[in-house]
>>> print(open('work-v2.pdb').read())   # PDB, C-alpha atoms and all ligand atoms
ATOM      1  CA  MET A  49      19.445  -9.520   6.475
ATOM      2  CA  ALA A  50      17.623 -12.823   6.590
ATOM      3  CA  GLY A  51      19.713 -15.772   7.665
ATOM      4  CA  LYS A  52      22.728 -13.781   8.804
ATOM      5  CA  TYR A  53      22.160 -14.426  12.513
ATOM      6  CA  ALA A  54      20.598 -17.828  12.096
ATOM      7  CA  SER A  55      23.034 -19.563  14.440
ATOM      8  CA  VAL A  56      22.168 -17.513  17.551
ATOM      9  CA  SER A  57      18.999 -17.517  19.679
ATOM     10  CA  GLY A  58      16.014 -15.427  18.594
ATOM     11  CA  GLU A  59      16.482 -12.808  21.318
ATOM     12  CA  SER A  60      20.198 -12.307  20.831
ATOM     13  CA  ARG A  61      19.692 -12.316  17.086
ATOM     14  CA  VAL A  62      17.330  -9.352  17.388
ATOM     15  CA  LEU A  63      19.738  -7.530  19.704
ATOM     16  CA  THR A  64      22.784  -8.239  17.547
ATOM     17  CA  GLY A  65      20.875  -7.101  14.491
ATOM     18  CA  LYS A  66      19.874  -3.829  16.192
ATOM     19  CA  VAL A  67      23.407  -3.008  17.378
ATOM     20  CA  ASP A  68      24.782  -3.886  13.980
ATOM     21  CA  ARG A  69      22.302  -1.614  12.234
ATOM     22  CA  LEU A  70      22.975   1.234  14.643
ATOM     23  CA  LEU A  71      26.740   1.029  14.135
ATOM     24  CA  THR A  72      26.328   0.920  10.383
ATOM     25  CA  ARG A  73      24.027   3.900  10.502
ATOM     26  CA  LEU A  74      26.523   5.917  12.530
ATOM     27  CA  LEU A  75      29.329   4.886  10.236
ATOM     28  CA  LEU A  76      27.575   5.564   6.978
ATOM     29  CA  ALA A  77      25.344   8.473   7.338
ATOM     30  CA  TYR A  78      26.978  11.400   9.065
ATOM     31  CA  LYS A  79      26.427  14.083   6.441
ATOM     32  CA  GLY A  80      26.005  17.791   6.877
ATOM     33  CA  GLY A  81      26.046  17.603  10.677
ATOM     34  CA  ILE A  82      23.148  15.147  11.036
ATOM     35  CA  PHE A  83      22.686  11.422  10.766
ATOM     36  CA  VAL A  84      20.704  10.267   7.797
ATOM     37  CA  GLU A  85      20.509   6.962   5.987
ATOM     38  CA  LEU A  86      20.896   6.872   2.221
ATOM     39  CA  ILE A  87      17.726   5.848   0.417
ATOM     40  CA  ILE A  88      17.891   4.176  -2.978
ATOM     41  CA  ALA A  89      14.625   3.375  -4.712
ATOM     42  CA  ALA A  90      14.128   1.228  -7.800
ATOM     43  CA  ASN A  91      11.359   2.601  -9.999
ATOM     44  CA  TRP A  92      10.455  -0.203 -12.379
ATOM     45  CA  LYS A  93       7.740   1.716 -14.232
ATOM     46  CA  MET A  94       5.773  -0.686 -16.491
ATOM     47  CA  HIS A  95       8.367  -3.464 -16.355
ATOM     48  CA  LYS A  96       8.239  -6.964 -14.862
ATOM     49  CA  THR A  97       5.469  -9.455 -14.307
ATOM     50  CA  ALA A  98       4.793 -10.942 -10.875
ATOM     51  CA  ALA A  99       6.938 -13.988 -11.738
ATOM     52  CA  GLU A 100       9.831 -11.816 -12.921
ATOM     53  CA  THR A 101       9.509  -9.684  -9.800
ATOM     54  CA  ALA A 102       9.695 -12.701  -7.500
ATOM     55  CA  GLY A 103      12.812 -13.963  -9.284
ATOM     56  CA  PHE A 104      14.473 -10.542  -9.111
ATOM     57  CA  CYS A 105      13.715 -10.097  -5.398
ATOM     58  CA  ARG A 106      15.000 -13.549  -4.497
ATOM     59  CA  ALA A 107      18.204 -12.909  -6.442
ATOM     60  CA  LEU A 108      18.652  -9.421  -4.969
ATOM     61  CA  ARG A 109      18.539 -10.851  -1.455
ATOM     62  CA  GLN A 110      21.821 -12.651  -2.147
ATOM     63  CA  PHE A 111      23.493  -9.236  -2.206
ATOM     64  CA  GLU A 112      21.716  -7.782   0.815
ATOM     65  CA  ALA A 113      24.618  -8.126   3.220
ATOM     66  CA  GLY A 114      26.416  -5.543   1.071
ATOM     67  CA  PHE A 115      23.587  -2.987   1.421
ATOM     68  CA  LYS A 116      23.993  -2.297   5.147
ATOM     69  CA  GLY A 117      23.229   1.268   6.104
ATOM     70  CA  VAL A 118      21.443   1.985   2.814
ATOM     71  CA  GLU A 119      17.660   1.859   2.776
ATOM     72  CA  VAL A 120      16.775   0.011  -0.413
ATOM     73  CA  LEU A 121      13.309  -0.158  -1.889
ATOM     74  CA  ILE A 122      11.691  -1.702  -4.910
ATOM     75  CA  CYS A 123       8.711  -0.037  -6.592
ATOM     76  CA  PRO A 124       7.250  -2.671  -8.928
ATOM     77  CA  PRO A 125       3.987  -2.464 -10.912
ATOM     78  CA  PHE A 126       0.901  -2.850  -8.682
ATOM     79  CA  THR A 127       0.192  -6.383  -9.930
ATOM     80  CA  ALA A 128       3.620  -7.539  -8.751
ATOM     81  CA  LEU A 129       3.338  -6.166  -5.195
ATOM     82  CA  PRO A 130       2.059  -9.427  -3.627
ATOM     83  CA  ALA A 131       4.869 -11.416  -5.293
ATOM     84  CA  ALA A 132       7.445  -8.850  -4.169
ATOM     85  CA  GLU A 133       6.100  -8.876  -0.626
ATOM     86  CA  ALA A 134       6.319 -12.668  -0.447
ATOM     87  CA  ALA A 135       9.802 -12.819  -1.968
ATOM     88  CA  LEU A 136      11.107 -10.108   0.373
ATOM     89  CA  ALA A 137       9.599 -11.531   3.591
ATOM     90  CA  GLY A 138      12.201 -11.351   6.355
ATOM     91  CA  SER A 139      14.447  -9.053   4.301
ATOM     92  CA  GLU A 140      15.201  -5.398   4.983
ATOM     93  CA  ILE A 141      14.543  -4.444   1.371
ATOM     94  CA  LYS A 142      11.345  -2.418   1.377
ATOM     95  CA  LEU A 143       8.439  -1.935  -0.978
ATOM     96  CA  GLY A 144       7.190   1.199  -2.658
ATOM     97  CA  ALA A 145       4.386   1.907  -5.134
ATOM     98  CA  GLN A 146       4.657   4.088  -8.229
ATOM     99  CA  ASN A 147       1.452   6.047  -7.752
ATOM    100  CA  MET A 148      -1.774   6.223  -5.770
ATOM    101  CA  HIS A 149      -5.116   8.032  -5.950
ATOM    102  CA  TRP A 150      -6.002  10.720  -3.409
ATOM    103  CA  GLU A 151      -9.448   9.266  -2.732
ATOM    104  CA  THR A 152      -9.490   6.348  -0.338
ATOM    105  CA  ARG A 153     -12.294   4.497  -2.183
ATOM    106  CA  GLY A 154     -14.981   5.097  -4.768
ATOM    107  CA  ALA A 155     -15.787   5.394  -8.435
ATOM    108  CA  GLN A 156     -12.228   5.847  -9.740
ATOM    109  CA  THR A 157     -11.920   3.301 -12.530
ATOM    110  CA  GLY A 158      -8.382   2.064 -13.003
ATOM    111  CA  GLU A 159      -6.997   3.747  -9.878
ATOM    112  CA  ILE A 160      -5.552   2.365  -6.652
ATOM    113  CA  ALA A 161      -6.096   3.435  -3.032
ATOM    114  CA  ALA A 162      -3.709   3.729  -0.099
ATOM    115  CA  SER A 163      -5.348   0.842   1.792
ATOM    116  CA  MET A 164      -4.774  -1.450  -1.210
ATOM    117  CA  LEU A 165      -1.055  -0.661  -1.148
ATOM    118  CA  LEU A 166      -0.785  -1.046   2.617
ATOM    119  CA  GLU A 167      -2.347  -4.503   2.323
ATOM    120  CA  PHE A 168       0.805  -5.705   0.533
ATOM    121  CA  GLY A 169       3.371  -4.153   2.842
ATOM    122  CA  VAL A 170       4.005  -0.999   0.824
ATOM    123  CA  GLU A 171       5.832   1.644   2.873
ATOM    124  CA  TYR A 172       6.663   4.326   0.288
ATOM    125  CA  VAL A 173       4.755   5.789  -2.632
ATOM    126  CA  ILE A 174       6.233   7.778  -5.513
ATOM    127  CA  ILE A 175       4.120  10.876  -6.135
ATOM    128  CA  GLY A 176       4.394  13.281  -9.052
ATOM    129  CA  HIS A 177       6.898  11.357 -11.161
ATOM    130  CA  SER A 178       7.568  13.320 -14.344
ATOM    131  CA  GLU A 179       6.091  10.543 -16.475
ATOM    132  CA  ARG A 180       2.816  10.970 -14.616
ATOM    133  CA  ARG A 181       3.021  14.757 -14.821
ATOM    134  CA  HIS A 182       3.876  14.869 -18.517
ATOM    135  CA  LEU A 183       2.300  11.707 -19.969
ATOM    136  CA  MET A 184      -0.815  11.532 -17.773
ATOM    137  CA  GLY A 185      -1.321  15.261 -17.190
ATOM    138  CA  GLU A 186      -1.006  15.072 -13.413
ATOM    139  CA  ASP A 187      -0.901  18.552 -11.899
ATOM    140  CA  ASN A 188       0.325  20.068  -8.638
ATOM    141  CA  THR A 189      -3.197  20.143  -7.165
ATOM    142  CA  GLN A 190      -3.613  16.398  -7.676
ATOM    143  CA  ILE A 191      -0.111  15.807  -6.367
ATOM    144  CA  GLN A 192      -0.889  17.884  -3.258
ATOM    145  CA  ARG A 193      -3.961  15.737  -2.582
ATOM    146  CA  LYS A 194      -2.031  12.521  -3.093
ATOM    147  CA  ILE A 195       0.671  13.620  -0.648
ATOM    148  CA  GLY A 196      -2.003  14.466   1.930
ATOM    149  CA  THR A 197      -3.704  11.072   1.551
ATOM    150  CA  ALA A 198      -0.388   9.215   1.695
ATOM    151  CA  LEU A 199       0.621  11.009   4.908
ATOM    152  CA  GLN A 200      -2.777  10.472   6.515
ATOM    153  CA  ASN A 201      -2.606   6.762   5.758
ATOM    154  CA  GLY A 202       0.932   6.229   6.999
ATOM    155  CA  LEU A 203       2.559   5.902   3.567
ATOM    156  CA  LYS A 204       5.833   7.766   3.046
ATOM    157  CA  PRO A 205       5.639   9.909  -0.090
ATOM    158  CA  ILE A 206       8.582  10.298  -2.465
ATOM    159  CA  LEU A 207       7.716  13.623  -4.066
ATOM    160  CA  CYS A 208       9.358  14.083  -7.478
ATOM    161  CA  VAL A 209      10.176  17.549  -8.765
ATOM    162  CA  GLY A 210      12.255  18.750 -11.685
ATOM    163  CA  GLU A 211      12.355  20.909 -14.762
ATOM    164  CA  THR A 212      11.949  19.973 -18.437
ATOM    165  CA  GLU A 213      14.658  20.662 -20.994
ATOM    166  CA  THR A 214      12.761  23.698 -22.295
ATOM    167  CA  GLU A 215      12.369  25.128 -18.800
ATOM    168  CA  ARG A 216      16.084  24.613 -18.216
ATOM    169  CA  GLU A 217      16.927  26.407 -21.467
ATOM    170  CA  GLN A 218      14.601  29.254 -20.471
ATOM    171  CA  GLY A 219      16.466  29.609 -17.172
ATOM    172  CA  VAL A 220      13.356  28.947 -15.056
ATOM    173  CA  THR A 221      14.533  25.798 -13.243
ATOM    174  CA  GLU A 222      14.405  27.393  -9.775
ATOM    175  CA  LYS A 223      11.003  28.903 -10.362
ATOM    176  CA  VAL A 224       9.586  25.582 -11.572
ATOM    177  CA  ILE A 225      10.948  23.592  -8.630
ATOM    178  CA  LYS A 226       9.742  26.147  -6.075
ATOM    179  CA  LYS A 227       6.263  26.133  -7.588
ATOM    180  CA  GLN A 228       6.127  22.319  -7.607
ATOM    181  CA  LEU A 229       7.219  22.230  -3.963
ATOM    182  CA  SER A 230       5.022  25.000  -2.677
ATOM    183  CA  GLU A 231       1.871  23.723  -4.396
ATOM    184  CA  ALA A 232       2.481  20.065  -3.457
ATOM    185  CA  LEU A 233       3.237  20.857   0.171
ATOM    186  CA  ASP A 234       0.615  23.553   0.635
ATOM    187  CA  GLY A 235      -1.599  22.828   3.640
ATOM    188  CA  GLN A 236       0.096  19.528   4.532
ATOM    189  CA  ASP A 237       0.247  18.492   8.176
ATOM    190  CA  SER A 238       3.763  19.562   9.196
ATOM    191  CA  GLN A 239       3.729  16.995  12.044
ATOM    192  CA  LYS A 240       3.574  14.254   9.427
ATOM    193  CA  LEU A 241       6.022  15.675   6.905
ATOM    194  CA  GLY A 242       8.996  14.078   8.678
ATOM    195  CA  SER A 243       8.467  10.961   6.567
ATOM    196  CA  LEU A 244       8.624  12.817   3.246
ATOM    197  CA  VAL A 245      11.399  12.034   0.741
ATOM    198  CA  LEU A 246      12.150  14.472  -2.082
ATOM    199  CA  ALA A 247      13.461  13.398  -5.458
ATOM    200  CA  TYR A 248      15.092  15.955  -7.723
ATOM    201  CA  GLU A 249      14.625  14.513 -11.199
ATOM    202  CA  PRO A 250      15.431  16.806 -14.103
ATOM    203  CA  VAL A 251      13.100  15.543 -16.826
ATOM    204  CA  TRP A 252      15.799  15.815 -19.504
ATOM    205  CA  ALA A 253      17.974  13.366 -17.542
ATOM    206  CA  ILE A 254      15.388  10.615 -17.084
ATOM    207  CA  GLY A 255      16.072   7.595 -19.264
ATOM    208  CA  THR A 256      18.353   9.573 -21.568
ATOM    209  CA  GLY A 257      21.757   8.429 -20.325
ATOM    210  CA  LYS A 258      22.529  12.147 -19.802
ATOM    211  CA  ALA A 259      22.796  12.605 -16.019
ATOM    212  CA  ALA A 260      22.890  16.071 -14.451
ATOM    213  CA  SER A 261      26.258  17.569 -13.575
ATOM    214  CA  ALA A 262      27.295  17.694  -9.928
ATOM    215  CA  GLU A 263      26.787  21.476  -9.947
ATOM    216  CA  ASP A 264      23.247  21.226 -11.313
ATOM    217  CA  ALA A 265      22.236  18.415  -8.949
ATOM    218  CA  ASP A 266      23.773  20.130  -5.943
ATOM    219  CA  ARG A 267      22.215  23.501  -6.775
ATOM    220  CA  ALA A 268      18.740  21.998  -7.147
ATOM    221  CA  ALA A 269      19.055  19.830  -4.022
ATOM    222  CA  ALA A 270      20.245  22.834  -2.007
ATOM    223  CA  LEU A 271      17.309  24.854  -3.301
ATOM    224  CA  ILE A 272      14.953  22.086  -2.161
ATOM    225  CA  ARG A 273      16.678  21.891   1.221
ATOM    226  CA  ASN A 274      16.391  25.682   1.707
ATOM    227  CA  PHE A 275      12.732  25.622   0.735
ATOM    228  CA  LEU A 276      12.070  22.841   3.255
ATOM    229  CA  GLU A 277      13.978  24.694   5.973
ATOM    230  CA  ASP A 278      11.883  27.794   5.438
ATOM    231  CA  LYS A 279       8.698  25.761   5.544
ATOM    232  CA  LEU A 280       9.442  23.217   8.253
ATOM    233  CA  GLY A 281      12.339  24.598  10.269
ATOM    234  CA  SER A 282      15.909  23.398  10.118
ATOM    235  CA  LYS A 283      15.504  20.396  12.427
ATOM    236  CA  THR A 284      12.731  18.640  10.480
ATOM    237  CA  ALA A 285      14.114  19.718   7.116
ATOM    238  CA  GLY A 286      17.582  18.506   8.087
ATOM    239  CA  GLU A 287      16.244  15.011   8.626
ATOM    240  CA  LEU A 288      14.479  14.765   5.269
ATOM    241  CA  ARG A 289      16.290  12.990   2.486
ATOM    242  CA  ILE A 290      16.703  14.318  -1.021
ATOM    243  CA  GLN A 291      17.347  11.890  -3.843
ATOM    244  CA  TYR A 292      18.809  12.637  -7.228
ATOM    245  CA  GLY A 293      17.209  10.790 -10.159
ATOM    246  CA  GLY A 294      18.068  10.752 -13.863
ATOM    247  CA  SER A 295      20.375   8.210 -15.562
ATOM    248  CA  VAL A 296      21.985   7.087 -12.310
ATOM    249  CA  LYS A 297      24.255   4.050 -12.628
ATOM    250  CA  ALA A 298      26.864   2.245 -10.541
ATOM    251  CA  ASP A 299      29.617   4.345 -12.074
ATOM    252  CA  ASN A 300      28.089   7.763 -11.294
ATOM    253  CA  ILE A 301      26.097   7.176  -8.070
ATOM    254  CA  GLY A 302      29.137   7.950  -5.879
ATOM    255  CA  PHE A 303      29.309  11.313  -7.453
ATOM    256  CA  PHE A 304      25.699  12.172  -6.434
ATOM    257  CA  VAL A 305      25.573  10.728  -2.929
ATOM    258  CA  GLY A 306      28.824  12.558  -2.213
ATOM    259  CA  LEU A 307      27.047  15.909  -2.662
ATOM    260  CA  PRO A 308      26.180  17.651   0.630
ATOM    261  CA  SER A 309      22.468  17.984  -0.166
ATOM    262  CA  VAL A 310      21.861  14.528  -1.685
ATOM    263  CA  GLN A 311      21.113  11.412   0.389
ATOM    264  CA  GLY A 312      20.057   8.852  -2.166
ATOM    265  CA  ALA A 313      18.766   8.144  -5.644
ATOM    266  CA  LEU A 314      15.649   7.235  -7.559
ATOM    267  CA  VAL A 315      16.716   4.780 -10.229
ATOM    268  CA  GLY A 316      14.883   3.630 -13.343
ATOM    269  CA  GLY A 317      16.835   1.766 -16.044
ATOM    270  CA  ALA A 318      19.735   0.646 -13.861
ATOM    271  CA  SER A 319      17.346  -0.931 -11.354
ATOM    272  CA  LEU A 320      15.955  -3.484 -13.793
ATOM    273  CA  GLU A 321      18.791  -5.999 -13.579
ATOM    274  CA  VAL A 322      19.948  -7.494 -10.290
ATOM    275  CA  ASP A 323      23.637  -7.046 -11.163
ATOM    276  CA  SER A 324      23.405  -3.382 -12.135
ATOM    277  CA  PHE A 325      21.148  -2.475  -9.205
ATOM    278  CA  SER A 326      23.139  -4.301  -6.545
ATOM    279  CA  ALA A 327      26.377  -2.820  -7.919
ATOM    280  CA  LEU A 328      24.785   0.640  -7.756
ATOM    281  CA  VAL A 329      23.689   0.254  -4.115
ATOM    282  CA  GLN A 330      27.096  -1.062  -3.111
ATOM    283  CA  ALA A 331      28.846   1.771  -4.953
ATOM    284  CA  ALA A 332      26.681   4.304  -3.103
ATOM    285  CA  ARG A 333      27.554   2.743   0.230
ATOM    286  CA  LYS A 334      31.250   2.702  -0.597
ATOM    287  CA  ALA A 335      31.199   6.332  -1.698
ATOM    288  CA  VAL A 336      29.734   7.465   1.614
ATOM    289  CA  ILE A 337      32.089   5.387   3.758
ATOM    290  CA  SER A 338      35.283   6.562   2.068
TER
HETATM  291  C1  LIG B 401      13.148   7.447 -13.049
HETATM  292  O1  LIG B 401      12.366   6.752 -13.658
HETATM  293  O2  LIG B 401      12.765   8.053 -12.049
HETATM  294  C2  LIG B 401      14.524   7.537 -13.522
HETATM  295  C3  LIG B 401      15.335   8.325 -12.890
HETATM  296  O3  LIG B 401      14.861   6.778 -14.614
HETATM  297  P1  LIG B 401      16.351   6.529 -15.181
HETATM  298  O4  LIG B 401      17.207   6.116 -14.002
HETATM  299  O5  LIG B 401      16.211   5.434 -16.176
HETATM  300  O6  LIG B 401      16.837   7.817 -15.761
END
>>> encode(input="work-v2.pdb", output="structure tokens")
Amino acid sequence: MAGKYASVSGESRVLTGKVDRLLTRLLLAYKGGIFVELIIAANWKMHKTAAETAGFCRALRQFEAGFKGVEVLICPPFTALPAAEAALAGSEIKLGAQNMHWETRGAQTGEIAASMLLEFGVEYVIIGHSERRHLMGEDNTQIQRKIGTALQNGLKPILCVGETETEREQGVTEKVIKKQLSEALDGQDSQKLGSLVLAYEPVWAIGTGKAASAEDADRAAALIRNFLEDKLGSKTAGELRIQYGGSVKADNIGFFVGLPSVQGALVGGASLEVDSFSALVQAARKAVIS
């Protein structure tokens, strides 16, 4: 919220900002008996140079006052992270990365380590996106290691799970999601899992313009929530946020964040233009308030 409190002293600006954020949080996020903040992440995949990223971030900041109570993050390509960090300095819009290696250094040509992301202010890291699973052959064992390294290094993982179209047609959606969750979370430090975000992304809905129905999204998110409750207990699991991802836009986001088990979205295509992304975040906020 840079600039909003510019006319008051530094100390009162900090205090006013804190009270304001607290009130917004209470107003926006009372869902399912607990307070949670919506989280909307822009996954840019292999789009945007550093210069384009800087321009986007500067333009997005003009809309930031309308994002209150929604945690918004941008996940640009690695090469654009420094530009994004600079353009977002002083803003509440956060940075995420799209992937990370499980090793912290070494002979891993073409890979990136947690410390390299932290150096540019990255807070979140997407792990196990379906494009990495299906195009790059990433498996649950690798994903489990990546989650462990992210947690140990203070990065918040956004773990993506979801079934392919064939798996859906075969009626094995639940089985697939449970396997992805149990293998990715196996052996993780439960003390650290409070920072985990889950993204339910049916593969057939990603980039196709064919979003999941409310019933499908709610059923999968509830399955994830139940799995987490069994593993972590209802208090920790109740505080974790589950995003829906797959052809989310400003005109359908309200529909997903209104579901009891969904607290945000992972957005690809609609996050690439400032107008469509800011409209989407504002629509999400409005849907939760009303
Ligand atoms: C994604 O990349 O995670 C995604 C959900 O893409 P899209 O919004 O374009 O379907």
>>> residues_around(input="work-v2.pdb", residues="Thr256 of chain A", least_positions_apart="2", cutoff="12 Å", atoms="all atoms listed in the file", output="list in words")
Glu213, Pro250, Val251, Trp252, Ala253, Ile254, Lys258, Ala259, Ala260, Gly293, Gly294, Ser295, Val296, Gly316, Gly317 and Ala318 of chain A
>>> write_last_selection(input="work-v2.pdb", atoms="C-alpha atoms", output="PDB file, in the coordinates of the input")
ATOM      1  CA  GLU A 213      14.658  20.662 -20.994  1.00  0.00           C
ATOM      2  CA  PRO A 250      15.431  16.806 -14.103  1.00  0.00           C
ATOM      3  CA  VAL A 251      13.100  15.543 -16.826  1.00  0.00           C
ATOM      4  CA  TRP A 252      15.799  15.815 -19.504  1.00  0.00           C
ATOM      5  CA  ALA A 253      17.974  13.366 -17.542  1.00  0.00           C
ATOM      6  CA  ILE A 254      15.388  10.615 -17.084  1.00  0.00           C
ATOM      7  CA  LYS A 258      22.529  12.147 -19.802  1.00  0.00           C
ATOM      8  CA  ALA A 259      22.796  12.605 -16.019  1.00  0.00           C
ATOM      9  CA  ALA A 260      22.890  16.071 -14.451  1.00  0.00           C
ATOM     10  CA  GLY A 293      17.209  10.790 -10.159  1.00  0.00           C
ATOM     11  CA  GLY A 294      18.068  10.752 -13.863  1.00  0.00           C
ATOM     12  CA  SER A 295      20.375   8.210 -15.562  1.00  0.00           C
ATOM     13  CA  VAL A 296      21.985   7.087 -12.310  1.00  0.00           C
ATOM     14  CA  GLY A 316      14.883   3.630 -13.343  1.00  0.00           C
ATOM     15  CA  GLY A 317      16.835   1.766 -16.044  1.00  0.00           C
ATOM     16  CA  ALA A 318      19.735   0.646 -13.861  1.00  0.00           C
TER      17      ALA A 318
END
>>> residues_around(input="work-v2.pdb", residues="segment 183-199 of chain A", least_positions_apart="4", cutoff="6 Å", atoms="all atoms listed in the file", output="list in words")
Trp150, Gly176, Glu179, Leu203, Glu231 and Ala232 of chain A
>>> residues_around(input="work-v2.pdb", residues="Ala247 of chain A", least_positions_apart="2", cutoff="8 Å", atoms="only C-alpha atoms", output="list in words")
Ile206, Leu207, Cys208, Val209, Val245, Glu249, Ile290, Gln291, Tyr292, Gly293, Ala313 and Leu314 of chain A
>>> closest_residue(input="work-v2.pdb", among="A:Ser309, A:Ser326, A:Ala145, A:Ser178", to="ligand LIG 401 (chain B)", atoms="all atoms listed in the file")
A:Ser178
>>> atom_distance(input="work-v2.pdb", atom1="atom CA of Ile141 of chain A", atom2="atom CA of Phe168 of chain A")
13.8 Å
>>> atom_distance(input="work-v2.pdb", atom1="atom CA of Ala298 of chain A", atom2="atom CA of Ser243 of chain A")
26.6 Å
>>> residues_around(input="work-v2.pdb", residues="Val120 of chain A", least_positions_apart="3", cutoff="8 Å", atoms="all atoms listed in the file", output="number ranges by chain")
A: 87-90, 115, 140-142, 329
>>> atom_distance(input="work-v2.pdb", atom1="atom CA of Lys204 of chain A", atom2="atom CA of Leu244 of chain A")
5.8 Å
>>> resolve_selection(input="work-v2.pdb", expression="the PyMOL selection byres (((chain A and resi 320-324) around 12) and not hetatm)", output="number ranges by chain")
A: 89-96, 100-112, 122-124, 296-299, 301, 315-319, 325-331
>>> axis_aligned_box(input="work-v2.pdb", around="segment 301-318 of chain A", padding_each_side="5 Å", output="AutoDock Vina command-line options")
--center_x 22.1 --center_y 9.3 --center_z -7.7 --size_x 24.4 --size_y 27.3 --size_z 26.7
>>> closest_residue(input="work-v2.pdb", among="A:Ile175, A:Val118, A:Ala99, A:Met148", to="Ala131 of chain A", atoms="only C-alpha atoms")
A:Ala99
>>> residues_around(input="work-v2.pdb", residues="Glu263 of chain A", least_positions_apart="2", cutoff="12 Å", atoms="all atoms listed in the file", output="PDB file with C-alpha atoms, in the coordinates of the input")
ATOM      1  CA  ALA A 259      22.796  12.605 -16.019  1.00  0.00           C
ATOM      2  CA  ALA A 260      22.890  16.071 -14.451  1.00  0.00           C
ATOM      3  CA  SER A 261      26.258  17.569 -13.575  1.00  0.00           C
ATOM      4  CA  ALA A 265      22.236  18.415  -8.949  1.00  0.00           C
ATOM      5  CA  ASP A 266      23.773  20.130  -5.943  1.00  0.00           C
ATOM      6  CA  ARG A 267      22.215  23.501  -6.775  1.00  0.00           C
ATOM      7  CA  ALA A 268      18.740  21.998  -7.147  1.00  0.00           C
ATOM      8  CA  ALA A 269      19.055  19.830  -4.022  1.00  0.00           C
ATOM      9  CA  ALA A 270      20.245  22.834  -2.007  1.00  0.00           C
ATOM     10  CA  PHE A 303      29.309  11.313  -7.453  1.00  0.00           C
ATOM     11  CA  PHE A 304      25.699  12.172  -6.434  1.00  0.00           C
ATOM     12  CA  GLY A 306      28.824  12.558  -2.213  1.00  0.00           C
ATOM     13  CA  LEU A 307      27.047  15.909  -2.662  1.00  0.00           C
ATOM     14  CA  PRO A 308      26.180  17.651   0.630  1.00  0.00           C
ATOM     15  CA  SER A 309      22.468  17.984  -0.166  1.00  0.00           C
ATOM     16  CA  VAL A 310      21.861  14.528  -1.685  1.00  0.00           C
TER      17      VAL A 310
END
>>> closest_residue(input="work-v2.pdb", among="A:Ser139, A:Gln200, A:Gln146, A:Thr214", to="ligand LIG 401 (chain B)", atoms="all atoms listed in the file")
A:Gln146
>>> resolve_selection(input="work-v2.pdb", expression="the PyMOL selection byres (((chain A and resi 172) around 6) and not hetatm)", output="ChimeraX atom specification")
/A:144,170-171,173,203-205
>>> closest_residue(input="work-v2.pdb", among="A:Leu233, A:Ile174, A:Ile225, A:Ile272", to="ligand LIG 401 (chain B)", atoms="only C-alpha atoms and all ligand atoms")
A:Ile174
>>> closest_residue(input="work-v2.pdb", among="A:Gly210, A:Ile337, A:Asp264, A:Gly235", to="ligand LIG 401 (chain B)", atoms="only C-alpha atoms and all ligand atoms")
A:Gly210
>>> closest_residue(input="work-v2.pdb", among="A:Gly257, A:Leu136, A:Asp234, A:Ala155", to="ligand LIG 401 (chain B)", atoms="all atoms listed in the file")
A:Gly257
>>> decode(input="work-v2.pdb", residues="segment 175-200 of chain A", atoms="C-alpha atoms", output="compact mmCIF listing (two decimals), in the first residue's frame")
# COMPACT_ATOMS: atom_id res chain seq x y z
CA ILE A 175 6.09 -27.03 -6.48
CA GLY A 176 4.74 -29.84 -8.64
CA HIS A 177 2.88 -27.75 -11.21
CA SER A 178 1.29 -30.09 -13.75
CA GLU A 179 3.44 -28.67 -16.54
CA ARG A 180 6.51 -29.75 -14.61
CA ARG A 181 4.99 -33.13 -13.78
CA HIS A 182 3.82 -33.87 -17.32
CA LEU A 183 6.26 -31.97 -19.56
CA MET A 184 9.42 -32.37 -17.47
CA GLY A 185 8.65 -35.75 -15.89
CA GLU A 186 8.77 -34.50 -12.31
CA ASP A 187 7.59 -37.20 -9.91
CA ASN A 188 6.22 -37.29 -6.37
CA THR A 189 9.61 -38.24 -4.90
CA GLN A 190 11.25 -35.16 -6.41
CA ILE A 191 8.31 -33.03 -5.34
CA GLN A 192 8.59 -34.38 -1.77
CA ARG A 193 12.27 -33.38 -1.68
CA LYS A 194 11.53 -29.93 -3.06
CA ILE A 195 8.85 -29.33 -0.43
CA GLY A 196 11.29 -30.39 2.30
CA THR A 197 14.02 -28.05 1.03
CA ALA A 198 11.58 -25.15 0.64
CA LEU A 199 10.30 -25.58 4.21
CA GLN A 200 13.81 -25.90 5.64
